[in-house]
file structure_20.txt (compact mmCIF, C-alpha atoms)
# COMPACT_ATOMS: atom_id res chain seq x y z
CA MET P 20 83.75 70.18 160.89
CA SER P 21 83.08 71.59 157.56
CA ALA P 22 85.82 71.81 155.02
CA ILE P 23 86.87 75.17 153.77
CA ARG P 24 85.68 75.39 150.28
CA THR P 25 87.08 77.45 147.54
CA PRO P 26 84.38 79.68 146.16
CA ASN P 27 83.22 78.42 142.86
CA THR P 28 83.30 81.54 140.79
CA LEU P 29 83.16 82.09 137.11
CA PRO P 30 85.50 84.43 135.35
CA ALA P 31 84.17 87.88 134.84
CA PRO P 32 82.41 88.19 131.54
CA VAL P 33 84.39 89.93 128.90
CA ALA P 34 82.38 92.55 127.08
CA PRO P 35 82.79 92.40 123.35
CA SER P 36 84.98 95.24 122.34
CA ALA P 37 83.14 97.94 120.50
CA PRO P 38 84.47 98.69 117.06
CA THR P 39 86.78 101.65 117.25
CA GLU P 40 85.38 104.77 115.65
CA THR P 41 87.62 106.75 113.41
CA GLY P 42 88.12 110.45 113.96
CA ALA P 43 86.10 110.99 110.79
CA GLU P 44 83.15 109.05 112.20
CA VAL P 45 83.31 110.98 115.46
CA SER P 46 83.53 114.18 113.46
CA ALA P 47 80.55 113.25 111.28
CA ARG P 48 78.49 112.70 114.43
CA ALA P 49 79.65 116.03 115.86
CA PHE P 50 78.66 117.73 112.61
CA ALA P 51 75.23 116.11 112.69
CA ARG P 52 74.82 117.23 116.30
CA ASP P 53 75.76 120.81 115.45
CA LEU P 54 73.94 120.99 112.13
CA PRO P 55 70.76 122.66 113.40
CA ASP P 56 72.82 125.52 114.82
CA LEU P 57 75.12 125.64 111.81
CA LEU P 58 72.12 126.01 109.52
CA GLN P 59 71.36 129.22 111.38
CA SER P 60 74.89 130.57 111.45
CA HIS P 61 76.86 129.07 108.54
CA ALA P 62 74.39 127.94 105.89
CA GLY P 63 76.04 127.55 102.51
CA GLN P 64 79.55 127.33 103.92
CA TRP P 65 81.86 124.41 104.49
CA VAL P 66 82.91 123.44 108.00
CA ALA P 67 85.74 121.21 109.12
CA TYR P 68 85.69 118.85 112.07
CA ALA P 69 88.69 116.85 113.20
CA ASN P 70 88.43 114.19 115.89
CA GLY P 71 85.03 115.57 116.84
CA GLU P 72 85.98 119.22 117.19
CA ARG P 73 85.12 122.06 114.87
CA ARG P 74 88.24 123.48 113.27
CA GLY P 75 87.04 126.14 110.89
CA CYS P 76 84.73 127.21 108.13
CA ALA P 77 85.23 128.55 104.61
CA ALA P 78 83.40 129.23 101.38
CA ARG P 79 84.98 126.22 99.68
CA GLN P 80 86.01 122.77 100.81
CA ALA P 81 89.56 122.73 99.48
CA PRO P 82 91.20 125.32 101.78
CA LEU P 83 89.83 123.56 104.86
CA TYR P 84 90.93 120.16 103.63
CA LEU P 85 94.45 121.36 102.90
CA ALA P 86 94.66 123.24 106.20
CA LEU P 87 93.77 120.12 108.18
CA LEU P 88 96.36 118.09 106.32
CA ALA P 89 98.92 120.81 106.96
CA GLN P 90 98.07 120.68 110.67
CA GLY P 91 99.00 117.00 110.64
CA PHE P 92 95.58 115.38 110.67
CA ALA P 93 95.20 112.15 108.76
CA GLU P 94 92.36 112.00 106.26
CA ASP P 95 90.47 109.45 108.34
CA GLU P 96 90.47 111.84 111.30
CA PHE P 97 88.33 114.57 109.81
CA VAL P 98 85.37 115.51 107.70
CA VAL P 99 84.72 118.69 105.76
CA ARG P 100 81.01 119.20 105.27
CA PHE P 101 78.74 121.58 103.46
CA VAL P 102 76.22 123.21 105.77
CA ALA P 103 72.89 122.20 104.31
CA PRO P 104 70.15 119.84 105.42
CA ASP P 105 71.62 116.34 105.36
CA GLU P 106 68.89 113.88 106.13
CA GLY P 107 69.99 110.74 104.40
CA GLY P 108 67.29 108.30 103.36
CA PRO P 109 66.20 107.21 99.90
CA VAL P 110 67.98 108.58 96.86
CA ALA P 111 65.96 109.09 93.69
CA TYR P 112 67.90 106.96 91.27
CA SER P 113 67.23 104.88 88.23
CA PRO P 114 69.90 103.32 86.05
CA ARG P 115 70.04 105.03 82.67
CA MET N 27 81.40 133.48 87.24
CA PRO N 28 83.76 132.00 84.67
CA PRO N 29 82.18 129.57 82.25
CA VAL N 30 82.66 125.84 82.61
CA LEU N 31 80.28 124.48 79.99
CA ARG N 32 79.45 126.76 77.08
CA ALA N 33 76.62 125.77 74.79
CA LEU N 34 77.28 122.12 75.58
CA PRO N 35 75.02 120.32 73.14
CA TYR N 36 72.70 117.44 73.77
CA PHE N 37 70.99 115.66 70.97
CA ASP N 38 67.59 114.39 69.86
CA HIS N 39 69.13 111.20 68.54
CA ARG N 40 71.40 108.49 69.84
CA THR N 41 75.11 109.33 69.83
CA THR N 42 78.26 107.56 70.88
CA ILE N 43 81.30 108.73 72.76
CA ALA N 44 84.65 107.07 72.22
CA PHE N 45 87.30 107.15 74.90
CA GLY N 46 89.97 104.87 76.29
CA GLY N 47 89.44 102.26 73.59
CA ARG N 48 85.72 101.90 74.28
CA THR N 49 82.51 103.54 73.22
CA VAL N 50 79.36 104.33 75.15
CA ASP N 51 75.95 105.17 73.82
CA VAL N 52 74.21 108.35 74.85
CA VAL N 53 70.48 108.15 74.33
CA PRO N 54 68.45 111.05 72.95
CA PHE N 55 68.10 114.00 75.31
CA GLN N 56 70.76 112.78 77.72
CA ILE N 57 73.24 115.45 78.72
CA ALA N 58 76.76 114.07 78.65
CA LEU N 59 79.77 115.92 79.99
CA TRP N 60 83.35 115.00 80.78
CA VAL N 61 84.72 114.48 84.27
CA SER N 62 87.53 112.84 86.19
CA VAL N 63 87.54 111.67 89.78
CA ALA N 64 89.54 113.86 92.14
CA ARG N 65 90.96 113.24 95.54
CA PRO N 66 90.00 116.14 97.81
CA ALA N 67 93.57 117.27 98.41
CA GLU N 68 94.19 117.82 94.70
CA SER N 69 94.56 121.40 93.55
CA ALA N 70 94.66 120.30 89.91
CA PRO N 71 93.88 117.03 88.18
CA ALA N 72 96.53 114.40 88.73
CA PRO N 73 98.79 113.92 85.69
CA ASN N 74 97.38 110.44 85.22
CA ALA N 75 93.74 111.48 85.72
CA ARG N 76 91.47 109.85 83.18
CA ARG N 77 88.61 111.81 81.67
CA PHE N 78 85.41 109.95 81.02
CA PRO N 79 81.82 110.86 80.20
CA ALA N 80 79.07 111.18 82.76
CA VAL N 81 75.40 111.97 82.38
CA LEU N 82 74.01 115.05 84.07
CA ASP N 83 70.77 113.76 85.55
CA THR N 84 68.75 116.35 87.43
CA GLY N 85 66.30 113.62 88.44
CA PHE N 86 69.06 111.82 90.34
CA SER N 87 69.08 113.18 93.87
CA GLY N 88 72.53 111.88 94.77
CA THR N 89 75.94 113.37 94.05
CA PHE N 90 77.67 111.01 91.67
CA ALA N 91 77.00 107.34 91.02
CA ILE N 92 79.50 105.07 89.36
CA THR N 93 80.03 101.32 89.25
CA PRO N 94 83.16 99.74 90.69
CA ALA N 95 84.13 98.59 87.20
CA GLN N 96 83.72 102.06 85.73
CA LEU N 97 85.73 103.55 88.56
CA ARG N 98 88.45 100.98 88.03
CA GLU N 99 88.54 100.89 84.24
CA TRP N 100 87.38 104.37 83.24
CA ALA N 101 88.86 106.41 86.08
CA GLY N 102 91.75 104.13 87.01
CA ILE N 103 90.82 104.13 90.69
CA GLU N 104 89.97 101.20 92.97
CA TRP N 105 86.93 101.93 95.10
CA SER N 106 88.68 100.49 98.14
CA SER N 107 91.38 103.16 97.86
CA LEU N 108 88.84 105.88 98.64
CA LEU N 109 87.93 106.57 102.27
CA ILE N 110 84.37 106.01 103.39
CA GLU N 111 82.62 109.33 103.94
CA PRO N 112 80.62 108.82 107.13
CA GLY N 113 77.19 110.36 107.51
CA PRO N 114 73.49 109.64 107.42
CA GLU N 115 72.67 106.50 105.46
CA LEU N 116 71.77 107.04 101.82
CA LEU N 117 69.61 104.31 100.28
CA TYR N 118 69.68 103.26 96.65
CA GLN N 119 66.82 100.93 95.79
CA ASN N 120 66.42 100.50 99.57
CA VAL N 121 70.02 99.40 100.02
CA PRO N 122 72.43 101.53 102.07
CA VAL N 123 75.38 102.45 99.89
CA PRO N 124 78.60 103.62 101.51
CA HIS N 125 79.81 106.85 100.00
CA ARG N 126 83.46 107.34 99.19
CA ARG N 127 85.42 110.52 99.69
CA ALA N 128 86.12 112.09 96.33
CA ASN N 129 85.44 115.16 94.25
CA LEU N 130 85.10 115.63 90.51
CA TRP N 131 86.84 117.70 87.89
CA VAL N 132 84.51 118.94 85.19
CA TYR N 133 86.23 119.63 81.89
CA PRO N 134 85.20 122.76 79.99
CA ASN N 135 84.02 122.10 76.48
CA GLN N 136 84.84 124.03 73.38
CA TYR N 137 81.92 126.29 72.66
CA GLY N 138 79.15 124.32 71.01
CA TRP N 139 80.96 120.97 71.09
CA ARG N 140 80.34 118.11 73.46
CA ASP N 141 83.46 116.01 73.05
CA VAL N 142 86.03 118.68 72.29
CA PHE N 143 87.73 120.32 75.24
CA ASP N 144 88.53 123.96 75.71
CA PRO N 145 92.32 124.21 75.47
CA ILE N 146 92.58 127.19 77.80
CA MET N 147 89.97 126.91 80.52
CA PRO N 148 91.13 124.82 83.50
CA PRO N 149 88.94 122.00 84.82
CA TYR N 150 86.43 123.03 87.45
CA ARG N 151 86.44 121.25 90.78
CA LEU N 152 83.04 120.10 92.00
CA GLU N 153 83.35 119.65 95.74
CA LEU N 154 81.11 116.81 96.87
CA ASN N 155 79.76 117.03 100.37
CA ARG N 156 79.11 113.30 100.68
CA GLY N 157 81.58 112.02 98.11
CA ILE N 158 80.53 109.49 95.49
CA ALA N 159 78.37 106.38 95.50
CA VAL N 160 80.07 103.29 94.10
CA PHE N 161 77.89 100.27 93.48
CA GLY N 162 76.69 97.82 90.87
CA ASN N 163 78.08 95.08 88.65
CA GLY N 164 77.43 92.46 91.31
CA GLU N 165 80.35 93.65 93.40
CA CYS N 166 80.22 94.00 97.15
CA VAL N 167 81.46 97.45 98.06
CA GLY N 168 81.43 97.32 101.83
CA VAL N 169 77.79 96.29 102.29
CA THR N 170 76.87 92.84 101.03
CA ALA N 171 73.47 93.92 99.75
CA THR N 172 75.09 96.29 97.28
CA ARG N 173 75.73 93.21 95.15
CA THR N 174 72.07 93.27 94.17
CA LEU N 175 72.05 96.84 92.89
CA THR N 176 71.99 97.76 89.26
CA GLY N 177 74.65 100.32 88.62
CA PRO N 178 74.40 103.16 86.12
CA ARG N 179 75.21 102.36 82.50
CA VAL N 180 77.10 105.64 82.36
CA PRO N 181 78.10 107.41 85.59
CA LEU N 182 75.47 109.86 86.79
CA LEU N 183 76.03 113.37 88.08
CA GLY N 184 73.12 114.42 90.26
CA LEU N 185 71.66 117.69 91.32
CA ARG N 186 72.97 117.29 94.85
CA ALA N 187 76.52 117.63 93.53
CA LEU N 188 75.75 120.95 91.88
CA SER N 189 73.80 122.27 94.82
CA ASP N 190 76.82 122.23 97.12
CA ASN N 191 78.90 124.36 94.76
CA PRO N 192 78.73 128.00 93.65
CA VAL N 193 77.62 127.20 90.13
CA ALA N 194 74.84 128.34 87.86
CA LEU N 195 73.24 125.83 85.53
CA GLN N 196 71.15 126.89 82.57
CA LEU N 197 69.26 124.78 80.08
CA ASP N 198 68.43 126.12 76.64
CA PRO N 199 65.95 123.51 75.36
CA PRO N 200 65.10 125.17 72.04
CA ASN N 201 68.77 124.98 71.08
CA ARG N 202 69.46 121.86 73.15
CA HIS N 203 72.36 123.51 74.95
CA VAL N 204 73.57 123.44 78.54
CA TRP N 205 75.52 126.20 80.23
CA LEU N 206 77.38 125.91 83.49
CA ASP N 207 79.20 128.77 85.16
CA GLY N 208 81.27 128.28 88.28
CA ALA N 209 82.86 130.63 90.78
call {"tool": "encode", "arguments": {"input": "structure_20.txt", "output": "structure tokens"}}
result
Amino acid sequence: MSAIRTPNTLPAPVAPSAPTETGAEVSARAFARDLPDLLQSHAGQWVAYANGERRGCAARQAPLYLALLAQGFAEDEFVVRFVAPDEGGPVAYSPR
Amino acid sequence: MPPVLRALPYFDHRTTIAFGGRTVDVVPFQIALWVSVARPAESAPAPNARRFPAVLDTGFSGTFAITPAQLREWAGIEWSSLLIEPGPELLYQNVPVPHRRANLWVYPNQYGWRDVFDPIMPPYRLELNRGIAVFGNGECVGVTATRTLTGPRVPLLGLRALSDNPVALQLDPPNRHVWLDGA
């Protein structure tokens, strides 16, 4: 007669928690995603994204920034970006 | 467009600028102007904003580069108090440098003078799409490799900063003057 054996199981692996993205980071990604379309429709304007959603556009940055603050968004929840090609990469720089 | 810089002179010889108990050299043919660092929510310079010189460098393709020490001692701002401005990585000397959320105030000069301010014209806000780059002086500013970077001797204002604003820049080389108008 065989003994009943308790299954020898290992605890489920715990996935390392991903670093939490801020609303600003989510918004920067949303802006980058939308940029090709924005270059067609809003080139030369500023656009505001909060928590990944587009919230408005204007000719200058300041009105959008103040409007988002007035709506209760914290500064790390949004970005206000100028609609122009934004490729990143090397910066031409030499110390002077 | 109202004027911001009117016949701002640059020189064919070395000059010095004194401010805040220190002096900095400006080498021949460098264009120096006066700025302060602004937080984006400001509608006017903060009462304690410190003006300091920066070099307008059209060969610099960034917005504004400043060392942590300059930001601390010249502007009175700790780099860590400025939010990181997320976005595509910008590389200085092949090192990714986090950009910090900030704008600049540019101080109008008195016509024909570099280091004398116009008493009437208000400062002009340069809105910086990607904020400012803070690095140099052996300090780690969020990315360890930034310790290795050589920071600017005097903060640099690059063409990218002007390109995101409704401004018109004119150079008058025969007279060694710079004009900047801003809407």
call {"tool": "closest_atom_pairs", "arguments": {"input": "structure_20.txt", "of": "chain N", "to": "chain P", "cutoff": "7 Å", "atoms": "all atoms listed in the file", "output": "Markdown table"}}
result
| residue | atom | partner | partner_atom | distance |
| --- | --- | --- | --- | --- |
| N:Pro66 | CA | P:Ala81 | CA | 6.8 |
| N:Ala67 | CA | P:Leu85 | CA | 6.1 |
| N:Gly85 | CA | P:Ala111 | CA | 6.9 |
| N:Phe86 | CA | P:Tyr112 | CA | 5.1 |
| N:Ser87 | CA | P:Ala111 | CA | 5.1 |
| N:Gly88 | CA | P:Val110 | CA | 6.0 |
| N:Pro112 | CA | P:Glu44 | CA | 5.7 |
| N:Gly113 | CA | P:Ala47 | CA | 5.8 |
| N:Pro114 | CA | P:Gly107 | CA | 4.8 |
| N:Glu115 | CA | P:Gly107 | CA | 5.1 |
| N:Leu116 | CA | P:Gly107 | CA | 4.8 |
| N:Leu117 | CA | P:Pro109 | CA | 4.5 |
| N:Tyr118 | CA | P:Val110 | CA | 5.6 |
| N:Asn120 | CA | P:Pro109 | CA | 6.7 |
| N:Glu153 | CA | P:Gln80 | CA | 6.5 |
| N:Asn155 | CA | P:Arg100 | CA | 5.5 |
| N:Thr176 | CA | P:Pro114 | CA | 6.8 |
| N:Gly177 | CA | P:Pro114 | CA | 6.2 |
| N:Pro178 | CA | P:Pro114 | CA | 4.5 |
| N:Arg179 | CA | P:Arg115 | CA | 5.8 |
| N:Asp190 | CA | P:Phe101 | CA | 6.7 |
call {"tool": "axis_aligned_box", "arguments": {"input": "structure_20.txt", "around": "stretch 84-100 of chain N", "padding_each_side": "6 Å", "output": "JSON"}}
result
{"center_x": 77.4, "center_y": 107.5, "center_z": 89.0, "size_x": 34.2, "size_y": 29.8, "size_z": 23.5}
call {"tool": "residues_around", "arguments": {"input": "structure_20.txt", "residues": "stretch 55-61 of chain N", "least_positions_apart": "5", "cutoff": "7 Å", "atoms": "only C-alpha atoms", "output": "PDB file with C-alpha atoms, in the coordinates of the input"}}
result
ATOM      1  CA  TYR N  36      72.700 117.440  73.770  1.00  0.00           C
ATOM      2  CA  PHE N  37      70.990 115.660  70.970  1.00  0.00           C
ATOM      3  CA  ASP N  38      67.590 114.390  69.860  1.00  0.00           C
ATOM      4  CA  ARG N  77      88.610 111.810  81.670  1.00  0.00           C
ATOM      5  CA  PHE N  78      85.410 109.950  81.020  1.00  0.00           C
ATOM      6  CA  PRO N  79      81.820 110.860  80.200  1.00  0.00           C
ATOM      7  CA  ALA N  80      79.070 111.180  82.760  1.00  0.00           C
ATOM      8  CA  VAL N  81      75.400 111.970  82.380  1.00  0.00           C
ATOM      9  CA  LEU N  82      74.010 115.050  84.070  1.00  0.00           C
ATOM     10  CA  LEU N 130      85.100 115.630  90.510  1.00  0.00           C
ATOM     11  CA  TRP N 131      86.840 117.700  87.890  1.00  0.00           C
ATOM     12  CA  VAL N 132      84.510 118.940  85.190  1.00  0.00           C
ATOM     13  CA  TYR N 133      86.230 119.630  81.890  1.00  0.00           C
ATOM     14  CA  ARG N 140      80.340 118.110  73.460  1.00  0.00           C
TER      15      ARG N 140
END
call {"tool": "atom_distance", "arguments": {"input": "structure_20.txt", "atom1": "atom CA of N:Arg32", "atom2": "atom CA of N:Asp198"}}
result
11.0 Å
call {"tool": "closest_residue", "arguments": {"input": "structure_20.txt", "among": "N:Val160, N:Arg65, N:Pro29, N:Val180", "to": "N:Gln136", "atoms": "only C-alpha atoms"}}
result
N:Pro29
call {"tool": "atom_distance", "arguments": {"input": "structure_20.txt", "atom1": "atom CA of N:Phe90", "atom2": "atom CA of N:Pro148"}}
result
20.9 Å
call {"tool": "residues_around", "arguments": {"input": "structure_20.txt", "residues": "N:Asn135", "least_positions_apart": "3", "cutoff": "8 Å", "atoms": "only C-alpha atoms", "output": "list of chain:residue names"}}
result
N:Val30, N:Leu31, N:Arg32, N:Leu34, N:Gly138, N:Trp139, N:Arg140, N:Asp141, N:Val142, N:Phe143, N:Asp144
call {"tool": "atom_distance", "arguments": {"input": "structure_20.txt", "atom1": "atom CA of N:Ala75", "atom2": "atom CA of N:Gln196"}}
result
27.5 Å
call {"tool": "closest_residue", "arguments": {"input": "structure_20.txt", "among": "N:Pro35, N:Pro54, N:Pro181, N:Pro73", "to": "N:Leu97", "atoms": "all atoms listed in the file"}}
result
N:Pro181
call {"tool": "residues_around", "arguments": {"input": "structure_20.txt", "residues": "N:Arg40", "least_positions_apart": "6", "cutoff": "8 Å", "atoms": "all atoms listed in the file", "output": "mmCIF file with C-alpha atoms, in the coordinates of the input"}}
result
data_model
loop_
_atom_site.group_PDB
_atom_site.id
_atom_site.type_symbol
_atom_site.label_atom_id
_atom_site.label_comp_id
_atom_site.auth_asym_id
_atom_site.auth_seq_id
_atom_site.Cartn_x
_atom_site.Cartn_y
_atom_site.Cartn_z
ATOM 1 C CA ASP N 51 75.950 105.170 73.820
ATOM 2 C CA VAL N 52 74.210 108.350 74.850
ATOM 3 C CA VAL N 53 70.480 108.150 74.330
ATOM 4 C CA PRO N 54 68.450 111.050 72.950
#
call {"tool": "residues_around", "arguments": {"input": "structure_20.txt", "residues": "N:Ile158", "least_positions_apart": "2", "cutoff": "8 Å", "atoms": "only C-alpha atoms", "output": "ChimeraX atom specification"}}
result
/N:89-92,125-129,154,156,160
call {"tool": "closest_residue", "arguments": {"input": "structure_20.txt", "among": "P:Phe92, P:Leu29, P:Glu40, P:Pro104", "to": "P:Tyr68", "atoms": "only C-alpha atoms"}}
result
P:Phe92
call {"tool": "closest_residue", "arguments": {"input": "structure_20.txt", "among": "P:Leu54, P:Ala49, P:Ala31, P:Ala89", "to": "P:Asn70", "atoms": "only C-alpha atoms"}}
result
P:Ala49
call {"tool": "decode", "arguments": {"input": "structure_20.txt", "residues": "stretch 33-67 of chain P", "atoms": "N, CA and C atoms", "output": "short mmCIF file (atom, residue, chain, number, x, y, z; two decimals), in the first residue's frame"}}
result
data_model
loop_
_atom_site.label_atom_id
_atom_site.label_comp_id
_atom_site.auth_asym_id
_atom_site.auth_seq_id
_atom_site.Cartn_x
_atom_site.Cartn_y
_atom_site.Cartn_z
N VAL P 33 7.52 34.63 -8.36
CA VAL P 33 7.02 36.01 -8.25
C VAL P 33 7.73 36.84 -9.30
N ALA P 34 6.94 37.40 -10.20
CA ALA P 34 7.53 38.24 -11.25
C ALA P 34 8.04 39.53 -10.62
N PRO P 35 9.22 39.95 -11.04
CA PRO P 35 9.68 41.23 -10.51
C PRO P 35 8.74 42.34 -10.93
N SER P 36 8.41 43.16 -9.98
CA SER P 36 7.45 44.21 -10.30
C SER P 36 8.09 45.24 -11.23
N ALA P 37 7.34 45.56 -12.26
CA ALA P 37 7.85 46.55 -13.21
C ALA P 37 7.84 47.92 -12.54
N PRO P 38 8.84 48.73 -12.85
CA PRO P 38 8.81 50.06 -12.28
C PRO P 38 7.56 50.81 -12.74
N THR P 39 6.95 51.51 -11.82
CA THR P 39 5.71 52.19 -12.15
C THR P 39 6.01 53.43 -12.99
N GLU P 40 5.30 53.53 -14.10
CA GLU P 40 5.47 54.70 -14.96
C GLU P 40 4.68 55.86 -14.39
N THR P 41 5.24 57.03 -14.51
CA THR P 41 4.49 58.21 -14.11
C THR P 41 3.53 58.59 -15.23
N GLY P 42 2.56 59.39 -14.89
CA GLY P 42 1.65 59.90 -15.91
C GLY P 42 2.38 60.67 -16.99
N ALA P 43 3.47 61.33 -16.59
CA ALA P 43 4.26 62.08 -17.58
C ALA P 43 4.93 61.13 -18.57
N GLU P 44 5.44 60.01 -18.07
CA GLU P 44 6.08 59.05 -18.97
C GLU P 44 5.06 58.43 -19.92
N VAL P 45 3.91 58.08 -19.38
CA VAL P 45 2.84 57.55 -20.23
C VAL P 45 2.44 58.59 -21.28
N SER P 46 2.39 59.83 -20.84
CA SER P 46 1.99 60.90 -21.75
C SER P 46 3.05 61.14 -22.82
N ALA P 47 4.32 61.04 -22.44
CA ALA P 47 5.38 61.22 -23.43
C ALA P 47 5.31 60.13 -24.49
N ARG P 48 4.98 58.91 -24.07
CA ARG P 48 4.85 57.82 -25.05
C ARG P 48 3.64 58.06 -25.94
N ALA P 49 2.55 58.55 -25.37
CA ALA P 49 1.36 58.83 -26.17
C ALA P 49 1.66 59.93 -27.18
N PHE P 50 2.42 60.93 -26.75
CA PHE P 50 2.79 62.00 -27.68
C PHE P 50 3.64 61.45 -28.82
N ALA P 51 4.61 60.61 -28.47
CA ALA P 51 5.47 60.04 -29.52
C ALA P 51 4.65 59.20 -30.49
N ARG P 52 3.68 58.49 -29.96
CA ARG P 52 2.80 57.66 -30.81
C ARG P 52 2.00 58.54 -31.77
N ASP P 53 1.52 59.67 -31.27
CA ASP P 53 0.65 60.53 -32.07
C ASP P 53 1.42 61.52 -32.94
N LEU P 54 2.73 61.62 -32.70
CA LEU P 54 3.48 62.70 -33.35
C LEU P 54 3.36 62.70 -34.88
N PRO P 55 3.42 61.57 -35.54
CA PRO P 55 3.29 61.63 -37.01
C PRO P 55 1.99 62.30 -37.46
N ASP P 56 0.90 62.01 -36.77
CA ASP P 56 -0.37 62.66 -37.13
C ASP P 56 -0.37 64.13 -36.72
N LEU P 57 0.20 64.41 -35.56
CA LEU P 57 0.23 65.79 -35.09
C LEU P 57 1.04 66.67 -36.03
N LEU P 58 2.09 66.10 -36.60
CA LEU P 58 2.91 66.90 -37.53
C LEU P 58 2.09 67.32 -38.75
N GLN P 59 1.08 66.54 -39.06
CA GLN P 59 0.20 66.92 -40.18
C GLN P 59 -0.84 67.95 -39.75
N SER P 60 -1.30 67.84 -38.52
CA SER P 60 -2.45 68.64 -38.11
C SER P 60 -2.12 69.81 -37.19
N HIS P 61 -1.04 69.72 -36.42
CA HIS P 61 -0.77 70.74 -35.39
C HIS P 61 0.69 71.17 -35.37
N ALA P 62 1.36 71.10 -36.50
CA ALA P 62 2.79 71.48 -36.50
C ALA P 62 2.96 72.91 -36.01
N GLY P 63 3.96 73.10 -35.16
CA GLY P 63 4.24 74.44 -34.66
C GLY P 63 3.38 74.86 -33.49
N GLN P 64 2.54 73.96 -33.00
CA GLN P 64 1.74 74.27 -31.81
C GLN P 64 2.22 73.41 -30.64
N TRP P 65 1.74 73.74 -29.48
CA TRP P 65 2.01 72.94 -28.29
C TRP P 65 0.80 72.07 -28.00
N VAL P 66 1.04 70.85 -27.56
CA VAL P 66 -0.06 69.97 -27.18
C VAL P 66 0.19 69.45 -25.77
N ALA P 67 -0.90 69.23 -25.07
CA ALA P 67 -0.81 68.76 -23.69
C ALA P 67 -1.38 67.34 -23.61
#
